[in-house]
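Written below as structure tokens is the structure these notes are about.
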Amino acid sequence: MKHRIALAAAIAAGTLLAAPAWAQTALPAMITVSGEATVSVPPDLAQIDGGVTSEAKTAREASDANNTAMGKLLLALKGAGIDEKDLQTSRLSLQPESAPNRTGPGAPTIVGYRASNHVTVRLHDVGKVANVIDTMVAAGANDIGGINFAVSNASKLLDDAREQAIADGRRKAEIYAKAAGVTLGAPISISEASSPGPLFRAKMPMGMATTAPVAQGEETLQVTVSVSWAIKQAGQ
């Protein structure tokens, strides 16, 4: 009997000791909302992807013709004032071409080869995009893959958007708090999920005319934050 009483006392003491620890892990009363902010600005950086595609009967002929054409293109870009550090090879390929509409068993018949070499041109002046495209086409580029616009000072702009997103979150939380008859306390947690928004891409068909019109538009930077605010009952 004494052992049973001692065991029961030990269990009761353990329960009392565990209760404060459990209470410490209980979540405080809070309101969790999302705050959003967007900033739209004209881009100040541009990237043009373009190059040369060559076809020939043999792989060597296609490769040699492509190398010669790409050499002329790179010289033209450097002659237009593009710094060498702003030129980067983005795609290089050499592939066989098969006879079309072949039927029946056996391996496809190779009738030629296609060599492609693309370069990415980085521009720090978006006003030169159309002129650079003209230069590339005049120098022999027959495959303009696309244009990307971006913003160089995106970090500073996102910082401004973060402040606006927090303010938007507080505005929403205060609406909920008023409706629930409570008041807001200090923020308990803040997390961010930001997206710079899609880059503008313009697909240019092969054989495009020179002096191509280019619309740079605007870049939209977006920030979304999740904020949890402590709440207090009225009168506290």
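By order of appearance in the structure tokens: chains A, B, ..., then residues from 1 within every chain, and ligands from 1 in the order shown.
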
Excluding same-chain residues fewer than 6 positions from Arg170 (chain A), what lies within 12 Å of it counting only C-alpha atoms, as a list of chain:residue names? A:Ile31, A:Thr32, A:Val33, A:Ser34, A:Gly35, A:Glu36, A:Glu163, A:Gln164, A:Tyr176, A:Ala177, A:Thr183, A:Leu184, A:Gly185, A:Ala186, A:Pro187, A:Ile190, A:Val225, A:Ser226, A:Val227, A:Ser228, A:Trp229, A:Ala230

Contacts of region 47-57 of chain A within 6 Å, only C-alpha atoms, excl. fewer than 6 positions in-chain, as a compact mmCIF listing (two decimals) with C-alpha atoms, in the first residue's frame:
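Contents of around-v9.txt, freshly written:
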# COMPACT_ATOMS: atom_id res chain seq x y z
CA ASN A 66 28.58 28.93 -89.09
CA GLY A 112 22.53 17.48 -94.28
CA TYR A 113 23.59 19.23 -91.11
CA ARG A 114 22.46 22.34 -89.26
CA ALA A 115 24.89 24.37 -87.12
CA SER A 116 23.70 27.10 -84.76
CA ASN A 117 25.53 29.60 -82.60
CA HIS A 118 23.70 32.07 -80.36
CA VAL A 119 25.08 34.93 -78.33
CA THR A 120 23.48 36.97 -75.54
CA VAL A 121 24.06 40.71 -75.87
CA ARG A 122 23.71 42.71 -72.65
CA ALA A 141 22.06 37.05 -87.90
CA ASN A 142 19.08 34.98 -89.06
CA ASP A 143 17.77 33.78 -85.70
CA ILE A 144 16.75 36.37 -83.10
CA GLY A 145 15.50 34.34 -80.14
CA GLY A 146 14.09 37.05 -77.88
CA ILE A 147 14.61 40.12 -75.73
CA ASN A 148 14.66 40.30 -71.94

So which bits of region 118-187 of chain A end up strand (DSSP E or B) when you DSSP the backbone, as a ChimeraX atom specification? /A:118-123,143-150,182-187

Hey, can you spit out that residue selection with N, CA and C atoms as a CSV table (one decimal), in the first residue's frame?
chain,number,residue,atom,x,y,z
A,118,HIS,N,24.4,30.9,-80.9
A,118,HIS,CA,23.7,32.1,-80.4
A,118,HIS,C,24.6,32.8,-79.3
A,119,VAL,N,24.4,34.1,-79.3
A,119,VAL,CA,25.1,34.9,-78.3
A,119,VAL,C,24.1,35.8,-77.6
A,120,THR,N,24.3,36.0,-76.3
A,120,THR,CA,23.5,37.0,-75.5
A,120,THR,C,24.2,38.3,-75.5
A,121,VAL,N,23.5,39.4,-75.9
A,121,VAL,CA,24.1,40.7,-75.9
A,121,VAL,C,23.4,41.5,-74.7
A,122,ARG,N,24.2,42.0,-73.8
A,122,ARG,CA,23.7,42.7,-72.6
A,122,ARG,C,23.9,44.2,-72.9
A,123,LEU,N,22.8,44.9,-72.8
A,123,LEU,CA,22.8,46.4,-73.1
A,123,LEU,C,22.4,47.1,-71.8
A,143,ASP,N,18.6,34.4,-86.8
A,143,ASP,CA,17.8,33.8,-85.7
A,143,ASP,C,17.8,34.7,-84.5
A,144,ILE,N,16.8,35.5,-84.3
A,144,ILE,CA,16.8,36.4,-83.1
A,144,ILE,C,15.8,35.7,-82.1
A,145,GLY,N,16.3,35.2,-81.0
A,145,GLY,CA,15.5,34.3,-80.1
A,145,GLY,C,14.6,35.1,-79.2
A,146,GLY,N,15.0,36.3,-78.8
A,146,GLY,CA,14.1,37.0,-77.9
A,146,GLY,C,14.8,38.2,-77.2
A,147,ILE,N,14.1,39.0,-76.5
A,147,ILE,CA,14.6,40.1,-75.7
A,147,ILE,C,14.1,40.0,-74.3
A,148,ASN,N,15.0,40.2,-73.4
A,148,ASN,CA,14.7,40.3,-71.9
A,148,ASN,C,15.0,41.7,-71.4
A,149,PHE,N,14.0,42.3,-70.7
A,149,PHE,CA,14.2,43.5,-70.0
A,149,PHE,C,14.3,43.3,-68.5
A,150,ALA,N,15.1,44.1,-67.8
A,150,ALA,CA,15.2,43.9,-66.4
A,150,ALA,C,15.5,45.3,-65.7
A,182,VAL,N,-10.9,43.3,-30.5
A,182,VAL,CA,-9.6,43.2,-29.8
A,182,VAL,C,-8.7,44.3,-30.3
A,183,THR,N,-7.5,44.5,-29.8
A,183,THR,CA,-6.6,45.4,-30.2
A,183,THR,C,-5.3,44.7,-30.6
A,184,LEU,N,-4.5,45.3,-31.5
A,184,LEU,CA,-3.3,44.7,-32.0
A,184,LEU,C,-2.1,45.0,-31.0
A,185,GLY,N,-1.3,43.9,-30.9
A,185,GLY,CA,-0.1,44.1,-30.1
A,185,GLY,C,1.1,44.2,-31.1
A,186,ALA,N,2.3,43.7,-30.6
A,186,ALA,CA,3.5,43.7,-31.5
A,186,ALA,C,3.4,42.5,-32.5
A,187,PRO,N,4.1,42.7,-33.6
A,187,PRO,CA,4.2,41.6,-34.5
A,187,PRO,C,5.0,40.4,-34.0
